[in-house]
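So this block is structure-v3.cif, mmCIF, C-alpha atoms and all ligand atoms:
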```cif
data_upload
loop_
_atom_site.label_atom_id
_atom_site.label_comp_id
_atom_site.auth_asym_id
_atom_site.auth_seq_id
_atom_site.Cartn_x
_atom_site.Cartn_y
_atom_site.Cartn_z
CA MET A 1 97.10 124.28 112.92
CA ALA A 2 94.94 121.52 111.60
CA THR A 3 95.81 122.07 107.93
CA SER A 4 99.29 121.01 108.45
CA ASN A 5 99.07 117.97 110.66
CA SER A 6 99.96 115.58 107.91
CA ILE A 7 102.33 117.99 106.30
CA HIS A 8 104.11 118.71 109.50
CA HIS A 9 104.36 115.02 110.08
CA ASN A 10 106.06 114.54 106.72
CA TYR A 11 108.24 117.48 107.41
CA LYS A 12 109.20 116.05 110.78
CA ILE A 13 110.22 112.77 109.23
CA LYS A 14 112.37 114.59 106.73
CA LEU A 15 113.91 116.71 109.43
CA ILE A 16 114.63 113.68 111.57
CA ALA A 17 116.29 112.01 108.61
CA VAL A 18 118.54 115.02 108.25
CA ILE A 19 119.41 114.89 111.93
CA THR A 20 120.25 111.20 111.63
CA LEU A 21 122.61 111.78 108.76
CA SER A 22 124.35 114.91 109.84
CA ILE A 23 124.35 115.04 113.61
CA LEU A 24 124.36 111.50 114.96
CA PRO A 25 127.89 110.68 113.82
CA VAL A 26 129.32 113.40 116.06
CA GLY A 27 127.50 111.96 119.04
CA PHE A 28 123.99 113.14 119.84
CA PRO A 29 122.20 112.54 123.15
CA ILE A 30 120.65 109.09 123.28
CA GLY A 31 117.16 110.55 123.87
CA TYR A 32 117.00 111.62 120.24
CA LYS A 33 117.55 108.09 118.96
CA ALA A 34 114.24 106.95 120.49
CA VAL A 35 112.37 109.66 118.61
CA ILE A 36 113.90 108.58 115.33
CA THR A 37 112.83 104.95 115.78
CA THR A 38 109.19 105.69 116.61
CA SER A 39 108.69 108.28 113.88
CA GLY A 40 110.02 106.14 111.08
CA THR A 41 107.78 103.08 111.53
CA ASN A 42 104.24 104.40 111.60
CA LEU A 43 102.32 101.79 109.65
CA GLU A 44 99.00 103.63 109.53
CA HIS A 45 100.81 106.69 108.30
CA ALA A 46 102.34 104.63 105.49
CA ARG A 47 98.95 103.21 104.48
CA ALA A 48 97.32 106.62 104.47
CA HIS A 49 100.25 107.97 102.54
CA ASN A 50 99.88 105.29 99.87
CA ARG A 51 96.18 106.02 99.51
CA ARG A 52 97.01 109.65 99.05
CA VAL A 53 99.65 108.83 96.46
CA VAL A 54 97.11 106.83 94.45
CA ILE A 55 94.49 109.59 94.66
CA GLU A 56 97.09 112.18 93.70
CA ALA A 57 98.20 110.15 90.65
CA ILE A 58 94.63 109.91 89.40
CA ARG A 59 93.94 113.56 90.12
CA LEU A 60 96.96 114.66 88.11
CA ASN A 61 96.23 112.42 85.16
CA GLY A 62 92.45 112.48 85.02
CA GLU A 63 92.12 108.73 84.60
CA LEU A 64 94.50 105.80 85.11
CA THR A 65 94.36 102.02 85.06
CA ARG A 66 95.66 100.04 88.02
CA ALA A 67 98.75 99.06 86.01
CA GLU A 68 99.45 102.68 85.14
CA ILE A 69 99.07 103.69 88.79
CA ALA A 70 101.55 101.00 89.84
CA ARG A 71 104.02 102.16 87.22
CA LEU A 72 103.70 105.85 88.14
CA THR A 73 103.78 105.41 91.91
CA SER A 74 106.28 102.55 92.24
CA LEU A 75 103.76 100.75 94.46
CA THR A 76 103.34 97.03 93.87
CA PRO A 77 100.39 95.99 91.66
CA GLN A 78 98.93 94.17 94.68
CA THR A 79 99.09 97.27 96.88
CA VAL A 80 97.52 99.40 94.15
CA SER A 81 94.80 96.84 93.60
CA ASN A 82 93.96 96.73 97.33
CA ILE A 83 93.88 100.51 97.63
CA ALA A 84 91.86 100.96 94.42
CA THR A 85 89.28 98.43 95.57
CA GLU A 86 89.02 100.08 98.97
CA LEU A 87 88.63 103.54 97.41
CA GLU A 88 86.07 102.28 94.92
CA LEU A 89 84.01 100.69 97.67
CA ALA A 90 84.19 103.99 99.55
CA GLY A 91 82.80 105.70 96.45
CA LEU A 92 85.89 107.86 96.03
CA LEU A 93 86.89 106.32 92.71
CA SER A 94 84.70 105.35 89.77
CA SER A 95 85.71 102.69 87.28
CA HIS A 96 84.74 103.05 83.65
CA LEU A 97 84.28 100.86 80.62
CA PRO A 98 87.44 98.95 79.69
CA ARG A 99 89.69 101.10 77.57
CA ARG A 100 90.79 98.35 75.21
CA ALA A 101 89.51 94.88 74.53
CA GLY A 102 91.57 91.99 73.16
CA GLY A 103 95.16 91.15 73.94
CA ARG A 104 96.19 88.97 76.79
CA GLY A 105 94.70 89.11 80.25
CA GLN A 106 91.85 91.25 81.46
CA PRO A 107 91.07 94.51 79.67
CA ALA A 108 92.32 97.55 81.56
CA THR A 109 89.64 99.47 83.46
CA PRO A 110 90.42 103.16 83.91
CA LEU A 111 89.69 104.79 87.26
CA THR A 112 88.70 108.40 87.83
CA LEU A 113 87.92 110.46 90.91
CA ASN A 114 84.22 110.55 91.68
CA PRO A 115 83.42 114.28 91.96
CA ASP A 116 80.47 113.56 94.25
CA SER A 117 82.49 111.60 96.78
CA ALA A 118 83.58 114.65 98.73
CA TYR A 119 82.76 118.33 99.02
CA SER A 120 84.27 121.29 100.76
CA ILE A 121 83.48 124.92 101.46
CA GLY A 122 85.77 127.90 101.02
CA ILE A 123 85.17 131.23 102.77
CA HIS A 124 87.12 134.36 101.94
CA LEU A 125 86.57 137.32 104.20
CA ASP A 126 88.41 140.58 103.74
CA HIS A 127 87.90 144.30 104.37
CA GLN A 128 85.33 144.72 101.65
CA SER A 129 83.66 141.44 100.88
CA LEU A 130 82.59 137.98 101.90
CA LEU A 131 82.72 135.16 99.37
CA ILE A 132 81.52 131.62 100.03
CA VAL A 133 81.94 128.74 97.57
CA LEU A 134 81.11 125.05 97.70
CA VAL A 135 83.18 122.76 95.46
CA ASP A 136 83.18 119.05 94.73
CA LEU A 137 86.24 116.80 94.84
CA THR A 138 87.33 117.81 91.35
CA GLY A 139 87.07 121.52 92.11
CA THR A 140 83.84 122.26 90.27
CA VAL A 141 81.96 125.10 91.95
CA ARG A 142 78.47 124.00 93.03
CA PHE A 143 77.46 127.12 94.96
CA ARG A 144 78.82 130.69 95.07
CA LYS A 145 77.70 133.71 97.05
CA PHE A 146 79.45 137.09 97.02
CA ILE A 147 78.45 139.85 99.42
CA PRO A 148 80.11 143.26 99.61
CA ILE A 149 80.70 144.35 103.24
CA ARG A 150 82.60 147.28 104.67
CA LYS A 151 85.00 146.54 107.54
CA PRO A 152 83.26 143.38 108.78
CA GLN A 153 82.80 143.01 112.53
CA PRO A 154 82.91 139.54 114.11
CA GLU A 155 79.37 138.98 115.44
CA PRO A 156 77.29 140.27 112.49
CA THR A 157 79.67 138.58 110.05
CA LEU A 158 79.46 135.19 111.78
CA ALA A 159 75.65 135.51 111.78
CA LEU A 160 75.73 136.36 108.07
CA ILE A 161 77.94 133.34 107.29
CA GLU A 162 75.54 131.11 109.23
CA LYS A 163 72.60 132.46 107.22
CA ILE A 164 74.36 131.87 103.87
CA LEU A 165 75.34 128.34 104.86
CA GLN A 166 71.72 127.57 105.74
CA GLU A 167 70.65 128.94 102.36
CA MET A 168 73.30 126.76 100.72
CA ARG A 169 72.07 123.63 102.48
CA GLN A 170 68.56 124.29 101.21
CA GLN A 171 69.60 125.01 97.64
CA VAL A 172 72.31 122.46 96.93
CA LYS A 173 71.15 118.89 96.55
CA ILE A 174 74.12 116.76 97.57
CA ASP A 175 74.87 114.09 100.15
CA TRP A 176 75.87 116.42 102.99
CA ARG A 177 77.50 113.58 104.88
CA LYS A 178 80.28 113.85 102.30
CA MET A 179 81.17 117.36 103.43
CA LEU A 180 84.83 117.35 104.47
CA GLY A 181 84.94 120.76 106.07
CA VAL A 182 85.42 124.45 105.70
CA GLY A 183 88.52 126.41 104.76
CA VAL A 184 88.63 130.05 105.80
CA VAL A 185 90.88 132.78 104.50
CA MET A 186 91.23 136.10 106.23
CA PRO A 187 93.97 138.69 106.29
CA GLY A 188 96.28 137.35 108.97
CA PRO A 189 98.23 136.12 110.68
CA PHE A 190 96.22 135.39 113.81
CA GLY A 191 97.40 135.34 117.39
CA VAL A 192 100.84 136.19 116.12
CA GLU A 193 102.58 139.36 117.10
CA GLY A 194 104.66 140.53 114.23
CA ILE A 195 105.21 143.00 111.49
CA SER A 196 102.27 141.84 109.45
CA SER A 197 99.74 142.21 112.27
CA GLN A 198 99.92 145.97 111.81
CA GLY A 199 98.80 148.32 109.12
CA PRO A 200 95.96 148.58 106.64
CA THR A 201 96.27 145.02 105.34
CA THR A 202 94.96 143.45 108.55
CA LEU A 203 91.37 143.08 109.72
CA HIS A 204 90.64 144.92 112.95
CA GLY A 205 88.52 143.61 115.81
CA TRP A 206 89.11 139.92 115.08
CA ASP A 207 92.23 139.37 117.20
CA ASN A 208 90.48 137.52 120.03
CA VAL A 209 87.90 135.64 117.96
CA ASP A 210 88.56 131.92 117.61
CA ILE A 211 87.15 131.65 114.10
CA GLU A 212 87.84 127.95 113.72
CA ALA A 213 85.98 127.10 116.95
CA ARG A 214 83.08 129.48 116.31
CA LEU A 215 82.45 128.35 112.73
CA SER A 216 82.90 124.73 113.68
CA ALA A 217 80.22 125.16 116.36
CA ILE A 218 77.90 126.79 113.81
CA THR A 219 78.41 124.21 111.06
CA GLY A 220 79.38 121.01 112.83
CA TRP A 221 82.23 120.59 110.34
CA PRO A 222 85.98 120.90 110.84
CA VAL A 223 87.18 124.41 110.07
CA THR A 224 90.69 125.41 109.05
CA LEU A 225 91.99 128.96 108.94
CA GLU A 226 94.88 129.90 106.69
CA ASN A 227 96.43 132.93 105.04
CA ASP A 228 95.58 133.85 101.47
CA ALA A 229 98.94 133.12 99.86
CA THR A 230 99.17 129.64 101.37
CA VAL A 231 95.68 128.62 100.27
CA ALA A 232 96.24 130.07 96.80
CA ALA A 233 99.35 127.90 96.47
CA ILE A 234 97.38 124.83 97.61
CA GLY A 235 94.58 125.68 95.15
CA GLU A 236 97.11 126.10 92.36
CA ARG A 237 98.68 122.75 93.18
CA PHE A 238 95.24 121.10 93.18
CA HIS A 239 93.48 122.67 90.25
CA GLY A 240 95.83 125.09 88.53
CA VAL A 241 99.13 125.47 86.69
CA ALA A 242 101.14 123.92 89.54
CA LYS A 243 99.50 120.50 89.20
CA GLN A 244 102.74 119.03 87.90
CA LEU A 245 105.13 121.12 89.97
CA SER A 246 106.67 119.95 93.23
CA SER A 247 108.69 123.04 94.14
CA PHE A 248 107.19 126.41 93.43
CA VAL A 249 106.44 129.74 95.01
CA TYR A 250 103.10 131.48 94.56
CA LEU A 251 103.36 135.27 94.87
CA TYR A 252 99.91 136.41 95.96
CA ILE A 253 99.06 140.00 95.11
CA GLY A 254 96.28 140.95 97.48
CA THR A 255 95.87 144.08 99.54
CA GLY A 256 99.43 143.29 100.62
CA LEU A 257 101.83 140.70 99.25
CA GLY A 258 102.49 137.17 100.48
CA ALA A 259 104.04 133.97 99.19
CA GLY A 260 102.81 130.37 99.37
CA ILE A 261 105.71 127.93 99.23
CA PHE A 262 105.75 124.32 98.05
CA THR A 263 108.97 122.36 98.42
CA ASP A 264 109.18 118.73 97.29
CA GLY A 265 105.40 118.54 96.93
CA ARG A 266 104.72 119.79 100.46
CA ILE A 267 103.51 123.15 101.61
CA TYR A 268 106.07 124.90 103.77
CA THR A 269 104.52 127.02 106.52
CA GLY A 270 107.53 127.73 108.71
CA HIS A 271 108.23 127.59 112.43
CA ALA A 272 105.31 129.83 113.52
CA HIS A 273 103.17 129.52 110.42
CA ASN A 274 104.47 132.75 108.96
CA ALA A 275 106.67 131.48 106.14
CA GLY A 276 106.13 133.49 103.00
CA GLU A 277 105.48 136.85 104.65
CA VAL A 278 107.64 138.33 101.91
CA GLY A 279 105.77 141.63 101.74
CA HIS A 280 108.13 143.06 104.34
CA MET A 281 111.40 142.05 102.73
CA VAL A 282 113.30 145.27 102.15
CA VAL A 283 113.95 145.57 98.42
CA GLN A 284 114.66 149.31 98.24
CA PRO A 285 116.78 150.39 101.21
CA GLY A 286 115.69 153.87 102.27
CA GLY A 287 112.65 153.61 100.02
CA ARG A 288 108.95 154.15 100.71
CA GLU A 289 107.92 154.12 104.37
CA CYS A 290 106.05 151.05 105.51
CA TYR A 291 103.67 150.78 108.48
CA CYS A 292 105.92 148.02 109.83
CA GLY A 293 108.65 150.55 110.52
CA ASN A 294 110.92 149.56 107.65
CA LYS A 295 111.58 151.61 104.57
CA GLY A 296 111.38 150.09 101.10
CA CYS A 297 109.35 146.93 101.85
CA LEU A 298 108.35 144.85 98.84
CA GLU A 299 104.61 145.29 99.37
CA ARG A 300 104.93 149.07 99.31
CA TYR A 301 105.61 148.51 95.58
CA VAL A 302 103.96 145.24 94.62
CA SER A 303 100.43 145.03 96.07
CA LEU A 304 96.91 146.25 95.40
CA GLN A 305 97.49 148.88 98.07
CA ALA A 306 100.48 150.26 96.15
CA ALA A 307 98.54 150.17 92.86
CA TYR A 308 95.55 151.96 94.44
CA GLU A 309 97.82 154.70 95.75
CA ALA A 310 99.56 155.16 92.39
CA CYS A 311 96.21 155.33 90.60
CA GLY A 312 94.68 157.84 93.00
CA LEU A 313 92.15 155.41 94.51
CA ASP A 314 91.32 155.32 98.21
CA PRO A 315 92.88 152.09 99.52
CA MET A 316 90.25 151.83 102.25
CA SER A 317 87.33 151.66 99.83
CA ALA A 318 88.77 150.63 96.44
CA MET A 319 87.99 147.18 94.99
CA PRO A 320 90.49 145.26 92.80
CA GLU A 321 88.22 145.64 89.75
CA ASP A 322 88.37 149.45 90.08
CA LEU A 323 91.91 149.22 88.71
CA LEU A 324 90.47 148.10 85.36
CA ASN A 325 88.82 151.49 84.96
CA VAL A 326 91.63 153.85 85.94
CA ASP A 327 93.62 155.99 83.52
CA GLU A 328 96.03 153.65 81.78
CA ALA A 329 98.92 156.09 82.18
CA LEU A 330 98.46 155.98 85.96
CA PHE A 331 98.40 152.20 86.02
CA ASP A 332 101.53 152.11 83.86
CA LYS A 333 103.21 154.41 86.34
CA TRP A 334 102.49 151.86 89.06
CA LEU A 335 103.79 149.05 86.83
CA GLU A 336 106.98 151.00 86.25
CA SER A 337 107.59 151.24 90.00
CA ALA A 338 106.66 147.61 90.64
CA VAL A 339 108.87 145.92 88.05
CA GLU A 340 112.26 146.21 89.75
CA PRO A 341 111.03 145.15 93.23
CA ALA A 342 109.13 142.23 91.64
CA LEU A 343 112.25 141.10 89.75
CA GLN A 344 114.20 141.15 93.01
CA ALA A 345 111.52 139.13 94.77
CA ILE A 346 111.55 136.49 92.02
CA ASN A 347 115.33 136.34 92.14
CA ILE A 348 115.26 135.77 95.92
CA MET A 349 112.55 133.08 95.65
CA GLU A 350 114.46 131.25 92.93
CA CYS A 351 117.74 131.37 94.79
CA VAL A 352 116.34 130.38 98.19
CA PHE A 353 113.97 127.62 97.09
CA ASP A 354 115.30 126.53 93.70
CA ALA A 355 111.68 126.97 92.67
CA GLN A 356 110.67 125.42 89.34
CA SER A 357 108.28 128.32 88.90
CA VAL A 358 107.33 131.54 90.58
CA ILE A 359 103.60 131.78 90.00
CA ILE A 360 102.06 135.23 90.18
CA GLY A 361 98.39 135.71 90.93
CA GLY A 362 96.02 136.86 93.65
CA THR A 363 92.97 139.05 93.87
CA MET A 364 94.40 141.56 91.41
CA PRO A 365 92.37 141.19 88.17
CA LYS A 366 93.90 138.75 85.71
CA PRO A 367 94.54 141.18 82.80
CA LEU A 368 96.55 143.39 85.15
CA VAL A 369 98.66 140.52 86.49
CA GLU A 370 99.30 139.55 82.86
CA LYS A 371 100.50 143.09 82.17
CA LEU A 372 102.89 142.90 85.10
CA ILE A 373 104.27 139.52 84.02
CA LYS A 374 104.92 140.84 80.49
CA ARG A 375 107.08 143.56 81.98
CA LEU A 376 109.21 141.16 84.06
CA THR A 377 111.87 140.57 81.49
CA PRO A 378 114.71 139.87 81.49
CA LEU A 379 114.71 138.07 84.82
CA TYR A 380 117.82 138.22 86.97
CA SER A 381 120.27 135.38 86.63
CA SER A 382 119.69 132.68 89.22
CA VAL A 383 119.93 128.95 89.77
CA ARG A 384 116.95 128.71 87.38
CA SER A 385 118.59 130.66 84.56
CA ARG A 386 118.66 127.68 82.25
CA SER A 387 114.88 127.29 82.32
CA PRO A 388 112.86 129.26 79.79
CA GLN A 389 111.29 132.50 81.03
CA GLY A 390 107.81 131.07 80.51
CA MET A 391 108.61 128.28 82.97
CA ARG A 392 110.30 130.52 85.53
CA ILE A 393 107.32 132.87 85.92
CA ARG A 394 103.75 131.94 85.23
CA LEU A 395 100.33 133.45 85.58
CA GLY A 396 98.42 131.80 88.41
CA MET A 397 94.80 131.88 89.50
CA SER A 398 93.80 135.51 89.66
CA GLY A 399 90.74 137.53 90.40
CA SER A 400 88.14 137.69 93.11
CA ASP A 401 87.57 133.93 93.58
CA THR A 402 91.21 132.88 93.97
CA ALA A 403 91.38 132.81 97.77
CA ALA A 404 87.93 131.25 98.28
CA LEU A 405 88.73 128.42 95.84
CA GLY A 406 92.07 127.90 97.52
CA ALA A 407 90.34 127.84 100.90
CA ALA A 408 87.95 125.19 99.60
CA ALA A 409 90.96 123.07 98.62
CA LEU A 410 92.18 123.14 102.26
CA PRO A 411 89.81 120.54 103.75
CA ILE A 412 90.47 118.20 100.82
CA PHE A 413 94.19 118.66 101.18
CA ASP A 414 93.80 118.08 104.90
CA GLU A 415 91.55 115.06 104.80
CA PHE A 416 93.39 112.82 102.41
CA ASN A 417 95.66 111.65 105.14
CA PRO A 418 94.94 111.38 108.85
CA GLN A 419 91.17 111.86 108.99
CA TYR A 420 90.60 109.82 105.89
CA GLU A 421 87.73 107.98 107.61
CA VAL A 422 85.41 110.86 106.75
CA LEU A 423 85.56 109.74 103.14
CA LEU A 424 84.27 106.30 104.06
CA LYS A 425 80.89 107.51 105.35
ZN ZN B 1 107.00 146.60 105.84
#
```
Give the structure from this file in structure tokens form.
Amino acid sequence: MATSNSIHHNYKIKLIAVITLSILPVGFPIGYKAVITTSGTNLEHARAHNRRVVIEAIRLNGELTRAEIARLTSLTPQTVSNIATELELAGLLSSHLPRRAGGRGQPATPLTLNPDSAYSIGIHLDHQSLLIVLVDLTGTVRFRKFIPIRKPQPEPTLALIEKILQEMRQQVKIDWRKMLGVGVVMPGPFGVEGISSQGPTTLHGWDNVDIEARLSAITGWPVTLENDATVAAIGERFHGVAKQLSSFVYLYIGTGLGAGIFTDGRIYTGHAHNAGEVGHMVVQPGGRECYCGNKGCLERYVSLQAAYEACGLDPMSAMPEDLLNVDEALFDKWLESAVEPALQAINIMECVFDAQSVIIGGTMPKPLVEKLIKRLTPLYSSVRSRSPQGMRIRLGMSGSDTAALGAAALPIFDEFNPQYEVLLK
């Protein structure tokens, strides 16, 4: 999938390095040696990577001088200077008035990201609603449209999206040539047979629709489709509490439950793009029946679906916000049943990934996620036991816009490396 070209590439390099270290000494077929040589010396990849490192450093810190960038990134001052000049000429960076006068040499000129140098669109479609946002490079929302729909069908929904995008183009006064692309989130996965393609958390009738191709034809922009937990993790890394974290897991409470996984600063999507489908980990053997055939799956306890059921709401028509108006005793009953499975899930995530933080968020309303987090104490012992509780679990982006904002981060995440040329228009 397009999102992960650059990421996969990085991942491949890492994997190849592991192979070199661990397998070659015992004698591996010669064919593999050729692969190792070509993958390690990709000059354009290195250049693009350095540009991304510079952009990332400025994004994380707000503003930086060239000297500060060199210090933080371990790139040579000359390399930083070349990249900064190139990015400034491309309009991606803005330089500001010198921070300090006097002293020796030239005064230091801080650089910031130019919010108007790139834009992206995020689309979140689920069983009950369609949300479209347009954001600039710094994540500021420049357009937002929310439309309630019941069980969206492909053709009318695609026509509706086209209509909203036309409306957006008329209303929003920006340089549309700077549009990087569209990120789409839908309940998935797509074209994948598996446990999570069944049950009430999937969208019916969309199996054979190539959404990326159809939307790309409508808009003329690149379109990337991802699952909600993965985009939420990317959004959190870009704009949220995970800005400074390199290894974390984002537990996304939506209709079901999924996890977005960052390891060493890279999103991990797995062999068939299904990494993080944690909703069907069995946490209560012999427990509640799940539509996947298991008993005691995590998402039968920790999900909007489970909360709706506990609160007497109809899962097919309830909206996340409805949970704010239910009898508190009923909601507390759900909390009670969710705490132990959630603690187990956090324990597993910490032990498997050595995650700095397990971030909890999703489309569940923020006050309710906060309530859940308050109840998750004490955490189980794990490799992260020495970190304070407030570091081990954190509140992430929550509420109705989470997935759409994460989706809008996808094209930006995607573009900073291989198709960087788009930024130079
Ligand atoms: Zn299940």
Residues up to 7 Å from ligand ZN 1 (chain B), counting all atoms listed in the file: could you list those as a PDB file with C-alpha atoms, keeping the file's coordinate frame?
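Listing of out.pdb after writing:
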```pdb
ATOM      1  CA  ILE A 195     105.210 143.000 111.490  1.00  0.00           C
ATOM      2  CA  GLY A 279     105.770 141.630 101.740  1.00  0.00           C
ATOM      3  CA  HIS A 280     108.130 143.060 104.340  1.00  0.00           C
ATOM      4  CA  CYS A 290     106.050 151.050 105.510  1.00  0.00           C
ATOM      5  CA  TYR A 291     103.670 150.780 108.480  1.00  0.00           C
ATOM      6  CA  CYS A 292     105.920 148.020 109.830  1.00  0.00           C
ATOM      7  CA  GLY A 293     108.650 150.550 110.520  1.00  0.00           C
ATOM      8  CA  ASN A 294     110.920 149.560 107.650  1.00  0.00           C
ATOM      9  CA  LYS A 295     111.580 151.610 104.570  1.00  0.00           C
ATOM     10  CA  CYS A 297     109.350 146.930 101.850  1.00  0.00           C
TER      11      CYS A 297
END
```
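You will find atom CA of Glu277 of chain A at 16.2 Å from atom CA of Ala403 of chain A.
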Restrict the calculation to all atoms listed in the file, then for each residue of segment 323-421 of chain A with any atom at most 6 Å from an atom of segment 166-185 of chain A give the closest atom pair and their distance in Å to one decimal, rows by chain and rising residue number, as JSON lines.
```
{"residue": "A:Ala407", "atom": "CA", "partner": "A:Gly183", "partner_atom": "CA", "distance": 4.5}
{"residue": "A:Ala408", "atom": "CA", "partner": "A:Gly183", "partner_atom": "CA", "distance": 5.3}
{"residue": "A:Leu410", "atom": "CA", "partner": "A:Gly183", "partner_atom": "CA", "distance": 5.5}
{"residue": "A:Pro411", "atom": "CA", "partner": "A:Gly181", "partner_atom": "CA", "distance": 5.4}
```
Export of the given selection (C-alpha atoms) as a short mmCIF file (atom, residue, chain, number, x, y, z; two decimals), keeping the file's coordinate frame:
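Generated file (again16.cif):
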```cif
data_model
loop_
_atom_site.label_atom_id
_atom_site.label_comp_id
_atom_site.auth_asym_id
_atom_site.auth_seq_id
_atom_site.Cartn_x
_atom_site.Cartn_y
_atom_site.Cartn_z
CA ALA A 407 90.34 127.84 100.90
CA ALA A 408 87.95 125.19 99.60
CA LEU A 410 92.18 123.14 102.26
CA PRO A 411 89.81 120.54 103.75
#
```
Out of A:Thr402, A:Arg375, A:Glu226, A:Thr255, which residue has the shortest atom-to-atom distance to Val133 of chain A when counting all atoms listed in the file? A:Thr402
Nearest-residue call for Arg59 of chain A, choices A:Ile211, A:Leu93, A:Val383, A:Val80, using only C-alpha atoms: A:Leu93
Contact residues around Pro365 of chain A with only C-alpha atoms at 12 Å, ignoring same-chain residues under 6 positions, as a ChimeraX atom specification: /A:252-254,303-304,307,319-325,371-372,395-402
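Within the 8 Å cut-off around His127 of chain A, using all atoms listed in the file and omitting residues fewer than 6 positions from it on the same chain, the listed residues are Ile149, Arg150, Lys151, Pro152 and Leu203 of chain A.
The gap separating atom CA of Gly122 of chain A from atom CA of Ile234 of chain A is 12.5 Å, in Å to one decimal.
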Counting all atoms listed in the file, the residue of A:Pro222, A:Gly235, A:Pro110, A:Gly258 that sits nearest Met349 of chain A: A:Gly258
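Distances from A:Glu336, A:Glu68, A:Glu86, A:Glu236 to Tyr301 of chain A were compared using only C-alpha atoms, and the smallest one belongs to A:Glu336.
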I want to know what sits within 12 Å of Glu56 of chain A, based on all atoms listed in the file, with residues of the same chain fewer than 5 positions away left out; could you give that as a VMD selection string? chain A and resid 49 to 51 61 to 64 69 72 to 73 93 112 to 113 137 to 138 237 to 239 243 to 244 265 412 to 413 416 to 417
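Here atom CA of Ala310 of chain A stands at a distance of 5.5 Å from atom CA of Trp334 of chain A.
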I'd like the contact shell of Glu162 of chain A - 10 Å cut-off, all atoms listed in the file, skipping same-chain residues fewer than 5 positions apart - returned as a PyMOL selection string. chain A and resi 156-157+167-168+215+218-219
Taking all atoms listed in the file into account, which of A:Gly276, A:Gly312, A:Gly362, A:Gly256 comes nearest Leu298 of chain A? A:Gly256
Please provide as a ChimeraX atom specification all residues within 9 Å of Val135 of chain A, with the sequence filter that same-chain residues fewer than 5 positions apart are discarded (counting all atoms listed in the file). /A:118-122,140-143,405,408-409
From A:Ile55, A:Val358, A:Ala229, A:Val352, residue lying nearest Thr269 of chain A [only C-alpha atoms]: A:Ala229
Output as lines of an AutoDock Vina configuration file the centre and edge lengths (Å, one decimal) of the box along x, y and z of the file that holds every listed atom of segment 84-95 of chain A after adding 5 Å on each side.
```
center_x = 87.3
center_y = 103.1
center_z = 93.4
size_x = 19.1
size_y = 19.4
size_z = 22.3
```
Identify the residues around (108.9, 141.8, 90.3) within a radius of 10 Å, measuring from all atoms listed in the file in the coordinates stated by the file, and give them as a PyMOL selection string. chain A and resi 251+298+301-302+335+337-347+360+372-373+375-377+379
